Every structure is written in structure tokens, then in C-alpha cells.
file coords-v1.csv (CSV, C-alpha atoms)
chain,number,residue,atom,x,y,z
A,1148,MET,CA,162.9,156.4,128.3
A,1149,ASP,CA,165.8,154.3,129.7
A,1150,ALA,CA,168.9,155.1,127.7
A,1151,HIS,CA,170.0,151.5,128.0
A,1152,VAL,CA,167.0,150.1,126.1
A,1153,ARG,CA,167.7,148.9,122.6
A,1154,THR,CA,164.9,149.1,120.1
A,1155,ARG,CA,164.3,146.7,117.3
A,1156,VAL,CA,161.7,146.4,114.6
A,1157,SER,CA,161.2,142.9,113.2
A,1158,ALA,CA,159.0,141.2,110.6
A,1159,TYR,CA,157.6,137.7,111.3
A,1160,ALA,CA,155.9,135.1,109.2
A,1161,ILE,CA,152.7,133.3,110.1
A,1162,ALA,CA,153.1,130.4,107.7
A,1163,ARG,CA,150.3,127.8,107.9
A,1164,GLU,CA,150.0,124.6,106.0
A,1165,ASP,CA,147.0,122.5,106.6
A,1166,ASP,CA,146.7,122.5,110.5
A,1167,ARG,CA,150.4,123.1,111.0
A,1168,LEU,CA,152.4,126.3,111.8
A,1169,LEU,CA,156.0,126.8,110.6
A,1170,LEU,CA,158.2,127.5,113.7
A,1171,ALA,CA,161.9,128.0,114.3
A,1172,ARG,CA,163.6,127.1,117.6
A,1173,LEU,CA,165.7,129.9,119.0
A,1174,SER,CA,169.4,129.2,119.5
A,1175,ASP,CA,171.9,130.7,122.0
A,1176,ALA,CA,172.5,133.5,119.5
A,1177,SER,CA,169.0,134.8,119.8
A,1178,PRO,CA,169.3,138.5,120.8
A,1179,VAL,CA,165.8,139.1,122.3
A,1180,PHE,CA,164.0,135.9,123.4
A,1181,ALA,CA,165.4,132.9,125.3
A,1182,PRO,CA,167.0,130.0,123.5
A,1183,GLY,CA,165.0,126.8,123.2
A,1184,LEU,CA,161.7,128.6,122.6
A,1185,TRP,CA,159.8,128.0,119.4
A,1186,HIS,CA,159.4,131.3,117.5
A,1187,LEU,CA,158.1,132.6,114.2
A,1188,PRO,CA,160.5,132.7,111.3
A,1189,GLY,CA,161.6,136.3,110.7
A,1190,GLY,CA,163.7,138.9,112.4
A,1191,GLY,CA,165.2,142.3,112.5
A,1192,ILE,CA,164.7,144.8,109.7
A,1193,ASP,CA,168.1,146.3,108.6
A,1194,PRO,CA,168.4,150.1,108.1
A,1195,GLY,CA,166.9,151.0,104.7
A,1196,GLU,CA,165.4,147.6,104.2
A,1197,GLN,CA,161.7,147.3,103.6
A,1198,PRO,CA,159.8,145.0,106.0
A,1199,VAL,CA,158.7,142.5,103.4
A,1200,GLU,CA,162.3,142.4,102.0
A,1201,ALA,CA,163.5,141.6,105.6
A,1202,LEU,CA,160.9,139.0,105.9
A,1203,ALA,CA,161.9,137.3,102.7
A,1204,ARG,CA,165.6,137.4,103.7
A,1205,GLU,CA,165.0,136.0,107.2
A,1206,LEU,CA,162.7,133.3,105.9
A,1207,LEU,CA,165.3,132.1,103.5
A,1208,GLU,CA,168.0,132.2,106.2
A,1209,GLU,CA,166.0,130.5,108.9
A,1210,THR,CA,163.8,128.1,106.9
A,1211,GLY,CA,165.3,127.7,103.4
A,1212,ARG,CA,161.9,128.7,102.0
A,1213,GLU,CA,161.2,131.5,99.6
A,1214,LEU,CA,158.4,134.0,100.2
A,1215,ALA,CA,155.5,133.8,97.6
A,1216,GLY,CA,153.2,136.3,99.2
A,1217,ALA,CA,152.7,138.3,102.4
A,1218,ARG,CA,149.9,140.3,104.0
A,1219,LEU,CA,150.4,142.5,107.0
A,1220,THR,CA,147.9,141.3,109.6
A,1221,ASP,CA,149.0,142.8,113.0
A,1222,ALA,CA,151.7,144.6,115.0
A,1223,ARG,CA,152.6,144.1,118.6
A,1224,THR,CA,155.2,145.5,121.0
A,1225,TYR,CA,157.3,143.6,123.6
A,1226,ALA,CA,159.7,144.4,126.4
A,1227,ALA,CA,162.3,141.8,127.0
A,1228,ARG,CA,165.6,141.5,128.8
A,1229,ARG,CA,168.4,139.1,127.6
A,1230,ASN,CA,172.1,139.0,128.3
A,1231,GLY,CA,171.9,142.2,130.3
A,1232,VAL,CA,170.2,144.1,127.5
A,1233,SER,CA,166.7,145.6,127.8
A,1234,TRP,CA,164.8,145.4,124.5
A,1235,SER,CA,161.8,147.3,123.1
A,1236,LEU,CA,160.7,145.2,120.2
A,1237,THR,CA,158.0,146.1,117.6
A,1238,ALA,CA,156.9,143.0,115.7
A,1239,LEU,CA,155.1,143.2,112.4
A,1240,PHE,CA,153.1,140.0,111.7
A,1241,TYR,CA,152.6,138.8,108.1
A,1242,VAL,CA,150.3,135.9,107.0
A,1243,VAL,CA,152.5,134.4,104.3
A,1244,THR,CA,152.5,131.8,101.5
A,1245,LEU,CA,155.7,130.1,100.7
A,1246,LYS,CA,157.1,128.5,97.6
A,1247,GLY,CA,157.6,124.8,97.7
A,1248,GLY,CA,160.3,122.8,99.5
A,1249,ALA,CA,161.1,121.3,102.8
A,1250,PRO,CA,162.1,123.7,105.6
A,1251,GLU,CA,165.7,123.7,106.8
A,1252,VAL,CA,167.9,126.2,108.6
A,1253,ALA,CA,170.2,127.7,105.9
A,1254,GLU,CA,172.2,130.1,108.0
A,1255,THR,CA,175.0,128.9,110.3
A,1256,ASP,CA,175.5,130.5,113.8
A,1257,GLY,CA,172.2,132.4,113.4
A,1258,SER,CA,169.4,132.9,115.9
A,1259,THR,CA,167.7,129.6,115.0
A,1260,ASP,CA,168.9,126.1,115.2
A,1261,GLN,CA,165.9,124.1,114.0
A,1262,VAL,CA,162.8,124.7,111.9
A,1263,THR,CA,159.7,122.5,111.5
A,1264,TRP,CA,156.0,122.3,110.8
A,1265,VAL,CA,154.3,121.9,114.2
A,1266,PRO,CA,150.6,120.8,114.4
A,1267,LEU,CA,148.5,123.6,115.8
A,1268,ALA,CA,147.0,121.1,118.3
A,1269,ASP,CA,150.4,120.7,119.9
A,1270,LEU,CA,150.9,124.4,120.5
A,1271,ARG,CA,148.7,125.0,123.5
A,1272,ASP,CA,151.6,125.2,125.9
A,1273,ASP,CA,152.7,128.8,125.9
A,1274,ALA,CA,155.8,127.8,128.0
A,1275,VAL,CA,157.5,126.5,124.9
A,1276,LEU,CA,156.6,129.5,122.7
A,1277,SER,CA,158.1,132.9,122.4
A,1278,PRO,CA,155.7,135.7,123.2
A,1279,ALA,CA,155.5,136.5,119.5
A,1280,ALA,CA,154.6,132.9,118.6
A,1281,ALA,CA,152.0,132.8,121.3
A,1282,ASP,CA,150.5,136.0,119.9
A,1283,ALA,CA,150.5,134.5,116.4
A,1284,LEU,CA,148.2,131.7,117.6
A,1285,ARG,CA,145.8,134.3,118.9
A,1286,ILE,CA,146.0,136.2,115.6
A,1287,LEU,CA,145.2,133.0,113.7
A,1288,GLU,CA,142.3,132.3,116.0
A,1289,ARG,CA,140.9,135.8,115.6
A,1290,THR,CA,141.4,135.7,111.8
A,1291,GLU,CA,139.6,132.4,111.6
A,1292,ALA,CA,136.7,133.6,113.9
A,1293,ALA,CA,136.3,136.7,111.7
A,1294,ALA,CA,136.2,134.6,108.5
A,1295,LEU,CA,133.4,132.5,110.0
A,1296,THR,CA,131.3,135.6,110.6
A,1297,LEU,CA,131.7,137.2,107.2
A,1298,PRO,CA,128.5,137.0,105.0
A,1299,ARG,CA,128.8,134.6,102.1
call {"tool": "encode", "arguments": {"input": "coords-v1.csv", "output": "C-alpha cells"}}
result
Amino acid sequence: MDAHVRTRVSAYAIAREDDRLLLARLSDASPVFAPGLWHLPGGGIDPGEQPVEALARELLEETGRELAGARLTDARTYAARRNGVSWSLTALFYVVTLKGGAPEVAETDGSTDQVTWVPLADLRDDAVLSPAAADALRILERTEAAALTLPR
């Protein structure tokens, strides 16, 4: 393995409300993916921190919303290069429910500069999504397709 590759494990929220997905726009401070892309709320897991604890912390920082419940639904890996750093990212995807309130970025100088509910119908252009957000759409589609085939 390349000695110059940095590894990161992150927890991401797939938060859906009606036919909208909660997304955060990456700022210039984003360490892994390019600024301007729409990304899932969440981020790196600190040493000794449990993944759901990291998810709750990141949600509060990036969206101002509190985590009510989380279910691990998938994990993916990504290779990325940003600012001369090669990254090996492992992403844990959680389908989440949130406590009430309007989304707003709570942290200053963080990796996100905007947060909003985006209609799923507006998210067909992968060029505006981070790789993790694009995968979240596929995870949602797969989950919904599986729910339709379950016996009632």
C-alpha cells in the first residue's frame, strides 16, 4: 500500500423526509471530496468514538439537527485525491430519523457551507453529487425496491 495514502472512516446520514433528501454542500475545508458538491451529512469518526456517536455529532454540526434513530444500511469504500493527499475512505451509511427543526449549518469554518432538503427528483445529475451522495440514492432505490417485494 502507498505510504502516502491517508485512511478515514466516516459515518453518513441518509435522512429522507417525504420525497426529499437532506444534503450538505461541501466547502473549501472539505478534506476528501471537492468543494461545491452536495454530500451527505456526516463525517470522520474520531479515535475511540463510536460510529453512531460520530454521526450524531456531525449531524448537529452540519445541520443543526439531532439524531433520533439510526440503522446501519451499507458500507462503501472510495479512493480520492484532494490537495495533494490520496485518501482511502470507508463510508458507513445510516438511514436516520431526526428530531424536529429546520436544518442550518451550526459549525463555522467546517467542511460544509450550506444544508438543505433537496427533492429526490432534482438529484439525477451525478455531477453535482459527491460519490457518497450518489451511492446514497442507489441505496435508497435498492431499499425501496426490496420493500416492494416483501410479502405482506
call {"tool": "residues_around", "arguments": {"input": "coords-v1.csv", "residues": "Val1262 of chain A", "least_positions_apart": "6", "cutoff": "8 Å", "atoms": "only C-alpha atoms", "output": "VMD selection string"}}
result
chain A and resid 1169 to 1172 1209 to 1210 1250 to 1252
call {"tool": "closest_residue", "arguments": {"input": "coords-v1.csv", "among": "A:Ala1280, A:Glu1208, A:Gly1216, A:Ser1233", "to": "Leu1187 of chain A", "atoms": "all atoms listed in the file"}}
result
A:Ala1280
call {"tool": "atom_distance", "arguments": {"input": "coords-v1.csv", "atom1": "atom CA of Glu1254 of chain A", "atom2": "atom CA of Gly1211 of chain A"}}
result
8.6 Å
call {"tool": "residues_around", "arguments": {"input": "coords-v1.csv", "residues": "Tyr1225 of chain A", "least_positions_apart": "4", "cutoff": "7 Å", "atoms": "all atoms listed in the file", "output": "PDB file with C-alpha atoms, in the coordinates of the input"}}
result
ATOM      1  CA  SER A1235     161.800 147.300 123.100  1.00  0.00           C
ATOM      2  CA  LEU A1236     160.700 145.200 120.200  1.00  0.00           C
ATOM      3  CA  THR A1237     158.000 146.100 117.600  1.00  0.00           C
TER       4      THR A1237
END
call {"tool": "closest_residue", "arguments": {"input": "coords-v1.csv", "among": "A:Leu1245, A:Ala1162, A:Leu1219, A:Ala1238", "to": "Val1199 of chain A", "atoms": "only C-alpha atoms"}}
result
A:Leu1219
call {"tool": "closest_atom_pairs", "arguments": {"input": "coords-v1.csv", "of": "segment 1202-1256 of chain A", "to": "segment 1284-1288 of chain A", "cutoff": "10 Å", "atoms": "all atoms listed in the file", "output": "Markdown table"}}
result
| residue | atom | partner | partner_atom | distance |
| --- | --- | --- | --- | --- |
| A:Thr1220 | CA | A:Ile1286 | CA | 8.1 |
| A:Asp1221 | CA | A:Ile1286 | CA | 7.7 |
| A:Phe1240 | CA | A:Ile1286 | CA | 8.9 |
| A:Val1242 | CA | A:Leu1287 | CA | 8.9 |
call {"tool": "residues_around", "arguments": {"input": "coords-v1.csv", "residues": "Leu1270 of chain A", "least_positions_apart": "4", "cutoff": "12 Å", "atoms": "all atoms listed in the file", "output": "short mmCIF file (atom, residue, chain, number, x, y, z; two decimals) with C-alpha atoms, in the coordinates of the input"}}
result
data_model
loop_
_atom_site.label_atom_id
_atom_site.label_comp_id
_atom_site.auth_asym_id
_atom_site.auth_seq_id
_atom_site.Cartn_x
_atom_site.Cartn_y
_atom_site.Cartn_z
CA ASP A 1166 146.70 122.50 110.50
CA ARG A 1167 150.40 123.10 111.00
CA LEU A 1168 152.40 126.30 111.80
CA LEU A 1169 156.00 126.80 110.60
CA LEU A 1170 158.20 127.50 113.70
CA LEU A 1184 161.70 128.60 122.60
CA TRP A 1185 159.80 128.00 119.40
CA HIS A 1186 159.40 131.30 117.50
CA TRP A 1264 156.00 122.30 110.80
CA VAL A 1265 154.30 121.90 114.20
CA PRO A 1266 150.60 120.80 114.40
CA ALA A 1274 155.80 127.80 128.00
CA VAL A 1275 157.50 126.50 124.90
CA LEU A 1276 156.60 129.50 122.70
CA SER A 1277 158.10 132.90 122.40
CA ALA A 1280 154.60 132.90 118.60
CA ALA A 1281 152.00 132.80 121.30
CA ASP A 1282 150.50 136.00 119.90
CA ALA A 1283 150.50 134.50 116.40
CA LEU A 1284 148.20 131.70 117.60
CA ARG A 1285 145.80 134.30 118.90
#
call {"tool": "residues_around", "arguments": {"input": "coords-v1.csv", "residues": "His1151 of chain A", "least_positions_apart": "4", "cutoff": "10 Å", "atoms": "only C-alpha atoms", "output": "tab-separated table (two decimals) with C-alpha atoms, in the coordinates of the input"}}
result
chain	number	residue	atom	x	y	z
A	1231	GLY	CA	171.90	142.20	130.30
A	1232	VAL	CA	170.20	144.10	127.50
A	1233	SER	CA	166.70	145.60	127.80
A	1234	TRP	CA	164.80	145.40	124.50
call {"tool": "closest_residue", "arguments": {"input": "coords-v1.csv", "among": "A:Leu1207, A:Ala1181, A:Leu1173, A:Leu1202", "to": "Gly1248 of chain A", "atoms": "only C-alpha atoms"}}
result
A:Leu1207
call {"tool": "closest_residue", "arguments": {"input": "coords-v1.csv", "among": "A:Ala1160, A:Ala1222, A:Ala1203, A:Ala1215", "to": "Gly1247 of chain A", "atoms": "only C-alpha atoms"}}
result
A:Ala1215
call {"tool": "atom_distance", "arguments": {"input": "coords-v1.csv", "atom1": "atom CA of Gly1189 of chain A", "atom2": "atom CA of Ala1268 of chain A"}}
result
22.4 Å
call {"tool": "closest_residue", "arguments": {"input": "coords-v1.csv", "among": "A:Ala1201, A:Val1179, A:Leu1206, A:Val1243", "to": "Thr1154 of chain A", "atoms": "only C-alpha atoms"}}
result
A:Val1179
